[in-house]
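Enquirer: Below is the file run-v6.txt, which contains compact mmCIF, C-alpha atoms.
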# COMPACT_ATOMS: atom_id res chain seq x y z
CA MET S 971 74.17 -8.09 95.93
CA LYS S 972 74.47 -11.07 93.59
CA PHE S 973 73.24 -10.77 90.01
CA THR S 974 72.83 -12.66 86.74
CA LYS S 975 73.25 -10.97 83.35
CA MET S 976 71.16 -12.42 80.51
CA HIS S 977 69.95 -11.44 77.07
CA GLY S 978 67.22 -12.56 74.73
CA ALA S 979 68.01 -11.82 71.07
CA GLY S 980 70.24 -8.95 72.20
CA ASN S 981 67.72 -7.43 74.65
CA ASP S 982 69.86 -7.53 77.81
CA PHE S 983 68.87 -7.60 81.47
CA ILE S 984 70.22 -7.74 85.00
CA LEU S 985 68.38 -10.22 87.23
CA VAL S 986 68.43 -10.33 91.03
CA ASN S 987 67.06 -13.09 93.26
CA ASN S 988 65.00 -11.00 95.66
CA PHE S 989 63.94 -14.06 97.63
CA GLU S 990 67.46 -13.76 99.03
CA GLU S 991 68.45 -10.10 98.56
CA LYS S 992 65.18 -8.64 99.92
CA ILE S 993 65.65 -5.24 98.23
CA PRO S 994 62.67 -3.00 99.17
CA GLU S 995 60.50 -1.96 96.22
CA GLU S 996 61.05 1.75 96.86
CA LYS S 997 64.77 1.31 96.14
CA MET S 998 64.46 -0.85 93.02
CA GLY S 999 64.07 1.96 90.47
CA ALA S 1000 67.17 3.84 91.61
CA ILE S 1001 69.21 0.63 91.71
CA ALA S 1002 68.06 -0.29 88.20
CA ALA S 1003 68.88 3.15 86.81
CA ARG S 1004 72.41 2.95 88.24
CA LEU S 1005 73.27 -0.64 87.31
CA CYS S 1006 71.77 -0.37 83.80
CA THR S 1007 73.98 2.63 82.93
CA ARG S 1008 76.48 1.42 80.35
CA ARG S 1009 80.18 2.18 80.91
CA LEU S 1010 79.53 3.42 84.45
CA SER S 1011 78.11 0.13 85.71
CA ILE S 1012 77.02 -3.31 84.44
CA GLY S 1013 74.81 -1.90 81.69
CA ALA S 1014 71.52 -3.31 80.40
CA ASP S 1015 68.21 -2.46 78.73
CA GLY S 1016 66.40 -3.29 81.95
CA MET S 1017 66.52 -4.94 85.35
CA MET S 1018 64.33 -7.60 86.92
CA PHE S 1019 63.87 -8.49 90.56
CA VAL S 1020 62.63 -12.07 91.08
CA CYS S 1021 60.32 -11.75 94.08
CA PRO S 1022 58.11 -14.04 96.18
CA PRO S 1023 54.67 -14.50 94.55
CA GLU S 1024 51.49 -12.94 95.85
CA GLU S 1025 48.91 -14.77 93.71
CA GLY S 1026 49.88 -18.44 93.96
CA THR S 1027 52.30 -18.40 91.01
CA ASP S 1028 55.95 -19.52 90.95
CA PHE S 1029 57.38 -16.04 91.45
CA LYS S 1030 56.81 -12.35 90.79
CA MET S 1031 58.66 -10.32 88.13
CA MET S 1032 59.38 -6.71 89.04
CA PHE S 1033 60.65 -5.09 85.84
CA PHE S 1034 62.38 -1.72 85.55
CA ASN S 1035 63.51 0.09 82.43
CA SER S 1036 67.08 1.33 82.16
CA ASP S 1037 65.96 4.82 83.22
CA GLY S 1038 64.59 3.45 86.49
CA THR S 1039 60.91 3.63 85.59
CA MET S 1040 58.78 0.59 86.31
CA GLY S 1041 57.69 -1.29 83.19
CA GLU S 1042 54.37 -3.08 82.82
CA MET S 1043 56.01 -6.09 81.19
CA CYS S 1044 58.83 -7.12 78.86
CA GLY S 1045 58.55 -10.02 76.42
CA ASN S 1046 62.23 -10.89 76.04
CA GLY S 1047 62.67 -10.23 79.74
CA ALA S 1048 59.85 -12.69 80.38
CA ARG S 1049 61.63 -15.36 78.34
CA CYS S 1050 64.85 -14.74 80.28
CA ILE S 1051 63.14 -14.78 83.66
CA ALA S 1052 61.27 -17.96 82.70
CA ARG S 1053 64.64 -19.65 82.12
CA TYR S 1054 66.03 -18.11 85.31
CA GLY S 1055 63.07 -19.48 87.27
CA HIS S 1056 63.60 -22.93 85.80
CA ASP S 1057 67.38 -22.95 86.25
CA LYS S 1058 67.21 -21.66 89.84
CA GLY S 1059 64.53 -24.15 90.86
CA PHE S 1060 61.61 -21.74 91.31
CA SER S 1061 59.59 -23.60 88.67
CA GLY S 1062 59.56 -26.64 86.43
CA ASP S 1063 59.40 -26.86 82.63
CA VAL S 1064 56.29 -24.66 82.74
CA GLN S 1065 56.46 -21.33 84.54
CA ARG S 1066 53.73 -19.01 85.84
CA PHE S 1067 54.75 -15.62 87.13
CA GLU S 1068 53.20 -12.30 88.05
CA THR S 1069 53.95 -9.07 86.20
CA THR S 1070 52.57 -5.57 86.67
CA ALA S 1071 50.38 -6.17 83.59
CA GLY S 1072 49.09 -9.56 84.71
CA ILE S 1073 50.10 -13.21 85.02
CA VAL S 1074 52.38 -14.58 82.29
CA SER S 1075 53.10 -18.23 81.50
CA GLY S 1076 56.34 -19.62 80.08
CA GLU S 1077 57.49 -22.94 78.66
CA ARG S 1078 60.94 -24.47 78.30
CA ILE S 1079 61.54 -25.67 74.73
CA ASP S 1080 65.15 -26.72 75.32
CA ASP S 1081 68.13 -25.52 77.36
CA ARG S 1082 68.11 -22.06 75.75
CA TYR S 1083 64.82 -21.61 73.90
CA TYR S 1084 61.75 -20.48 75.81
CA ARG S 1085 58.19 -19.69 74.78
CA VAL S 1086 55.98 -17.25 76.70
CA ARG S 1087 52.38 -16.27 76.32
CA LEU S 1088 52.36 -12.50 76.27
CA ASN S 1089 49.67 -10.46 78.00
CA ASP S 1090 46.45 -10.32 75.98
CA ILE S 1091 45.56 -7.30 73.87
CA THR S 1092 43.38 -4.99 75.94
CA LYS S 1093 43.12 -1.97 73.63
CA THR S 1094 43.56 -1.18 69.95
CA ALA S 1095 43.30 1.96 67.83
CA PRO S 1096 44.02 1.40 64.13
CA ALA S 1097 45.64 3.93 61.81
CA VAL S 1098 46.18 6.77 64.28
CA PRO S 1099 47.62 9.68 62.23
CA VAL S 1100 50.71 11.47 63.59
CA ALA S 1101 52.44 14.29 61.68
CA TYR S 1102 56.23 14.68 61.59
CA GLU S 1103 58.20 17.08 59.40
CA GLY S 1104 55.27 17.65 57.07
CA LYS S 1105 54.40 13.99 56.59
CA GLU S 1106 51.61 11.95 58.15
CA TYR S 1107 52.36 8.50 59.59
CA LEU S 1108 49.60 6.00 60.32
CA CYS S 1109 50.26 4.24 63.63
CA ASP S 1110 48.38 1.09 64.68
CA TYR S 1111 48.12 1.38 68.47
CA VAL S 1112 48.03 -1.73 70.68
CA GLU S 1113 48.11 -2.20 74.45
CA LEU S 1114 49.04 -5.53 76.01
CA GLY S 1115 47.88 -6.39 79.54
CA ASP S 1116 46.26 -4.32 82.27
CA PRO S 1117 47.61 -1.75 82.91
CA GLY S 1118 48.40 -1.80 79.23
CA LEU S 1119 51.88 -1.78 77.76
CA PRO S 1120 51.58 0.71 74.85
CA HIS S 1121 52.94 -0.07 71.37
CA ILE S 1122 52.53 1.36 67.91
CA ALA S 1123 53.24 -0.52 64.69
CA VAL S 1124 54.45 1.74 61.87
CA GLU S 1125 54.93 0.35 58.37
CA MET S 1126 58.24 1.54 56.95
CA PRO S 1127 58.85 0.43 53.34
CA GLY S 1128 62.55 0.01 52.62
CA LEU S 1129 63.36 -0.45 56.31
CA SER S 1130 66.28 -2.73 55.47
CA GLY S 1131 68.01 0.18 53.72
CA LEU S 1132 67.54 2.64 56.58
CA THR S 1133 69.79 3.21 59.59
CA LYS S 1134 68.88 4.01 63.18
CA GLU S 1135 70.02 7.57 62.61
CA ASP S 1136 67.65 7.86 59.64
CA LEU S 1137 64.76 6.98 61.96
CA ARG S 1138 65.86 8.45 65.29
CA GLY S 1139 64.03 11.78 64.99
CA LEU S 1140 60.84 10.08 63.85
CA GLY S 1141 61.13 7.46 66.58
CA GLU S 1142 61.50 10.11 69.28
CA ALA S 1143 58.58 12.14 67.90
CA LEU S 1144 56.21 9.16 67.71
CA ARG S 1145 57.26 7.86 71.12
CA HIS S 1146 56.27 11.21 72.71
CA ALA S 1147 53.30 12.04 70.46
CA ALA S 1148 50.56 13.73 72.49
CA VAL S 1149 47.91 11.45 70.98
CA PHE S 1150 49.37 8.58 73.04
CA PRO S 1151 48.80 9.62 76.69
CA LYS S 1152 51.18 7.00 78.12
CA GLY S 1153 53.74 7.42 75.37
CA ALA S 1154 54.45 4.40 73.19
CA ASN S 1155 57.09 1.93 72.12
CA VAL S 1156 57.63 2.58 68.41
CA ASN S 1157 57.92 -0.52 66.20
CA PHE S 1158 58.94 0.15 62.60
CA TYR S 1159 58.30 -2.85 60.36
CA GLU S 1160 58.46 -4.12 56.81
CA VAL S 1161 56.90 -7.36 55.53
CA THR S 1162 59.74 -9.04 53.66
CA GLY S 1163 58.17 -12.34 52.61
CA GLU S 1164 55.57 -14.95 53.48
CA ASP S 1165 55.30 -14.85 57.28
CA ARG S 1166 58.56 -12.92 57.46
CA VAL S 1167 58.88 -9.46 58.96
CA LEU S 1168 61.76 -7.05 59.58
CA GLU S 1169 61.42 -4.91 62.71
CA LEU S 1170 63.26 -2.11 64.52
CA THR S 1171 62.00 -0.77 67.87
CA TYR S 1172 62.52 2.55 69.63
CA GLU S 1173 61.73 1.68 73.26
CA ARG S 1174 60.02 3.81 75.84
CA GLY S 1175 62.02 3.81 79.07
CA VAL S 1176 65.25 2.99 77.23
CA GLU S 1177 64.74 6.07 75.03
CA ASP S 1178 66.71 4.53 72.21
CA PHE S 1179 66.63 1.72 69.70
CA THR S 1180 67.18 -1.75 71.16
CA LEU S 1181 68.36 -4.97 69.55
CA ALA S 1182 64.97 -6.61 70.16
CA CYS S 1183 61.58 -5.98 71.77
CA GLY S 1184 59.48 -9.06 72.48
CA THR S 1185 56.18 -7.35 73.25
CA GLY S 1186 56.74 -5.04 70.29
CA THR S 1187 57.24 -8.04 68.04
CA GLY S 1188 54.04 -9.57 69.37
CA ALA S 1189 52.16 -6.31 68.79
CA VAL S 1190 53.40 -5.97 65.20
CA VAL S 1191 52.55 -9.55 64.23
CA SER S 1192 49.14 -9.24 65.89
CA VAL S 1193 48.39 -6.12 63.84
CA LEU S 1194 49.55 -7.82 60.63
CA THR S 1195 47.57 -10.96 61.42
CA MET S 1196 44.39 -8.95 61.94
CA LYS S 1197 45.04 -7.22 58.60
CA GLY S 1198 45.64 -10.55 56.85
CA LYS S 1199 49.21 -9.68 55.87
CA VAL S 1200 50.72 -12.65 57.76
CA SER S 1201 49.20 -15.90 58.99
CA GLY S 1202 50.31 -15.41 62.60
CA LYS S 1203 51.42 -19.04 62.68
CA GLY S 1204 55.13 -19.22 63.37
CA THR S 1205 55.69 -15.78 61.85
CA ARG S 1206 59.43 -15.07 61.88
CA VAL S 1207 60.56 -11.58 62.79
CA THR S 1208 64.12 -10.44 62.16
CA VAL S 1209 65.38 -7.89 64.67
CA PRO S 1210 68.92 -6.48 65.03
CA GLY S 1211 69.67 -9.05 67.76
CA GLY S 1212 68.49 -12.13 65.87
CA GLU S 1213 65.18 -13.79 65.07
CA LEU S 1214 62.00 -14.19 67.11
CA ARG S 1215 58.92 -16.23 66.31
CA ILE S 1216 55.33 -15.18 67.02
CA ASP S 1217 52.14 -17.24 67.09
CA ALA S 1218 49.11 -14.95 67.13
CA GLU S 1219 45.91 -16.93 67.49
CA LYS S 1220 42.91 -15.26 65.88
CA GLY S 1221 39.37 -15.90 67.06
CA GLU S 1222 36.24 -16.20 64.97
CA ASP S 1223 35.57 -12.50 65.51
CA GLY S 1224 38.88 -11.64 63.83
CA ARG S 1225 40.51 -10.47 67.05
CA ILE S 1226 43.70 -11.89 68.51
CA LYS S 1227 42.92 -14.12 71.49
CA ALA S 1228 46.47 -15.24 72.39
CA ILE S 1229 50.05 -14.20 71.53
CA TYR S 1230 53.06 -16.48 71.99
CA LEU S 1231 56.69 -15.37 71.73
CA THR S 1232 59.50 -17.89 71.16
CA GLY S 1233 63.21 -17.20 71.01
CA PRO S 1234 66.68 -17.79 72.44
CA THR S 1235 68.06 -16.87 75.84
CA ASN S 1236 71.69 -16.47 76.85
CA VAL S 1237 73.22 -16.44 80.34
CA VAL S 1238 76.12 -13.99 79.96
CA SER S 1239 77.55 -13.83 83.47
CA GLU S 1240 76.91 -14.18 87.17
CA GLY S 1241 78.62 -12.19 89.87
CA GLU S 1242 78.41 -9.74 92.74
CA VAL S 1243 77.70 -6.03 92.45
CA ARG S 1244 80.62 -4.05 93.88
CA ASP S 1245 79.68 -0.64 92.48
CA GLU S 1246 81.10 1.85 94.99
CA ASP S 1247 78.74 4.62 93.87
CA LEU S 1248 75.63 2.52 94.50
CA GLU S 1249 73.73 2.89 97.75
CA ILE S 1250 71.63 -0.16 98.59
Go ahead and express the file in the form of structure tokens.
Expert:
Amino acid sequence: MKFTKMHGAGNDFILVNNFEEKIPEEKMGAIAARLCTRRLSIGADGMMFVCPPEEGTDFKMMFFNSDGTMGEMCGNGARCIARYGHDKGFSGDVQRFETTAGIVSGERIDDRYYRVRLNDITKTAPAVPVAYEGKEYLCDYVELGDPGLPHIAVEMPGLSGLTKEDLRGLGEALRHAAVFPKGANVNFYEVTGEDRVLELTYERGVEDFTLACGTGTGAVVSVLTMKGKVSGKGTRVTVPGGELRIDAEKGEDGRIKAIYLTGPTNVVSEGEVRDEDLEI
């Protein structure tokens, strides 16, 4: 099985051309869980199978988290797969592809920078209180797409001075909080300047902090735009893996009507899977 390894701002993925490989869907989760395991295999935050389209788009994106569970969508993965689709000839400078959460569009900015329109916000619940170790945290809940990809935005003053270990227990608790039936990706943030945000995400399905989360970044900036704390126009978000830019377009009713994510992509390697413990 041939593969491509890519990352977007440190969020890394294994991509497989399933037009050629024809891996059945029922095997994809187990394959993803094996190949995404660091040290024992290639290692990645997630895996994407590029499949023939079913709805008249350029291709279909089947995304799996590193634990083998199917993901509704992935923003940085979408930017990577948009480039993959362009580079492999599945699409032109504009890409349209299917995801579990709905159709996503991408745009080539240059050889390495891609812009995608994330799935629209389908559900919000502001200031949901969750208790942890005697303290109450207010979590702004957002779902993107249908079925919705669940995120919470949690303001964390002094985030720049905190480590992952400082926040790990809280991240795990919020991710599994009973008030969020589907669980949630936990996005800690701090507004650091005019249209500048610092963010750290504990991802559902990875069950750890990642270097970047594109949909999480979009969710955080959307929440802040609705609150009037950022303009939502080219808002720059610093994540451990680099910088992402979000455009969150607000309608006359104050709600976000479109979210665009822009950032870098990197093709790390291409090769053939020879994992002797993997059954395909």
Enquirer: Would you work out the distance separating CA of Glu1160 in chain S from CA of Cys1050 in chain S, expressed in Å to one decimal?
Expert: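 Atom-to-atom, CA of Glu1160 in chain S and CA of Cys1050 in chain S are spaced 26.5 Å apart.
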Enquirer: Residues around (65.2, -11.0, 74.4), cut-off 9 Å, counting all atoms listed in the file - what are they as a ChimeraX atom specification?
Expert: /S:976-983,1044-1050,1181-1184,1211,1214,1233-1236
Enquirer: Which residue is closest to Ala1003 in chain S? Choose from S:Phe1060, S:Tyr1083, S:Phe1033, S:Tyr1159 and count only C-alpha atoms.
Expert: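 Between S:Phe1060, S:Tyr1083, S:Phe1033, S:Tyr1159, the residue approaching Ala1003 in chain S most closely is S:Phe1033.
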Enquirer: Could you tell me how far CA of His1056 in chain S lies from CA of Asp1245 in chain S, in Å and to one decimal?
Expert: 28.3 Å
Enquirer: Identify, on the basis of all atoms listed in the file, every residue whose closest approach to Thr1092 in chain S does not exceed 10 Å; exclude the query and any residue fewer than 5 positions from it along the same chain; express the result as a PyMOL selection string.
Expert: chain S and resi 1112-1119
Enquirer: Provide the CA of Ile1216 in chain S to CA of Val1191 in chain S distance in Å, to one decimal place.
Expert: 6.9 Å
Enquirer: Skip range 971-974 of chain S itself and residues of its chain fewer than 5 positions away, then list as a list in words all residues within 10 Å of it, counting all atoms listed in the file.
Expert: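 Contacts, in chain order: Phe983, Ile984, Leu985, Val986, Asn987, Asn988, Glu990, Glu991, Lys992, Ile993, Met1018, Phe1019, Tyr1054, Val1237, Val1238, Ser1239, Glu1240, Gly1241, Glu1242, Val1243, Arg1244, Asp1245 and Ile1250 of chain S.
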Enquirer: Write out as a ChimeraX atom specification each polymer residue whose atoms come within 12 Å of range 1132-1137 of chain S, counting only C-alpha atoms; drop sequence neighbours fewer than 3 positions from it.
Expert: /S:1102,1124,1126-1129,1140-1145,1156-1160,1168-1172,1178-1181,1210
Enquirer: Between S:Glu1219, S:Glu1125, S:Glu1164, S:Asp1037, which has the minimum distance to Met998 in chain S (counting only C-alpha atoms)?
Expert: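 Counting only C-alpha atoms, the residue closest to Met998 in chain S is S:Asp1037.
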Enquirer: Write out as a PDB file with C-alpha atoms, keeping the file's coordinate frame the residues lying within 12 Å of Thr1205 in chain S, counting all atoms listed in the file and excluding same-chain residues fewer than 5 positions away.
Expert:
ATOM      1  CA  VAL S1161      56.900  -7.360  55.530  1.00  0.00           C
ATOM      2  CA  THR S1162      59.740  -9.040  53.660  1.00  0.00           C
ATOM      3  CA  GLY S1163      58.170 -12.340  52.610  1.00  0.00           C
ATOM      4  CA  GLU S1164      55.570 -14.950  53.480  1.00  0.00           C
ATOM      5  CA  ASP S1165      55.300 -14.850  57.280  1.00  0.00           C
ATOM      6  CA  ARG S1166      58.560 -12.920  57.460  1.00  0.00           C
ATOM      7  CA  VAL S1167      58.880  -9.460  58.960  1.00  0.00           C
ATOM      8  CA  LEU S1168      61.760  -7.050  59.580  1.00  0.00           C
ATOM      9  CA  THR S1187      57.240  -8.040  68.040  1.00  0.00           C
ATOM     10  CA  GLY S1188      54.040  -9.570  69.370  1.00  0.00           C
ATOM     11  CA  VAL S1190      53.400  -5.970  65.200  1.00  0.00           C
ATOM     12  CA  VAL S1191      52.550  -9.550  64.230  1.00  0.00           C
ATOM     13  CA  SER S1192      49.140  -9.240  65.890  1.00  0.00           C
ATOM     14  CA  LEU S1194      49.550  -7.820  60.630  1.00  0.00           C
ATOM     15  CA  THR S1195      47.570 -10.960  61.420  1.00  0.00           C
ATOM     16  CA  LYS S1199      49.210  -9.680  55.870  1.00  0.00           C
ATOM     17  CA  VAL S1200      50.720 -12.650  57.760  1.00  0.00           C
ATOM     18  CA  GLU S1213      65.180 -13.790  65.070  1.00  0.00           C
ATOM     19  CA  LEU S1214      62.000 -14.190  67.110  1.00  0.00           C
ATOM     20  CA  ARG S1215      58.920 -16.230  66.310  1.00  0.00           C
ATOM     21  CA  ILE S1216      55.330 -15.180  67.020  1.00  0.00           C
ATOM     22  CA  ASP S1217      52.140 -17.240  67.090  1.00  0.00           C
ATOM     23  CA  ALA S1218      49.110 -14.950  67.130  1.00  0.00           C
ATOM     24  CA  GLU S1219      45.910 -16.930  67.490  1.00  0.00           C
ATOM     25  CA  ILE S1229      50.050 -14.200  71.530  1.00  0.00           C
ATOM     26  CA  TYR S1230      53.060 -16.480  71.990  1.00  0.00           C
ATOM     27  CA  LEU S1231      56.690 -15.370  71.730  1.00  0.00           C
ATOM     28  CA  THR S1232      59.500 -17.890  71.160  1.00  0.00           C
ATOM     29  CA  GLY S1233      63.210 -17.200  71.010  1.00  0.00           C
TER      30      GLY S1233
END
Enquirer: Go through S:Glu1249, S:Ala1148, S:Thr1094, S:Arg1087 and flag the residue nearest Arg1004 in chain S, using all atoms listed in the file for the distances.
Expert: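 Among the listed residues, S:Glu1249 lies closest to Arg1004 in chain S.
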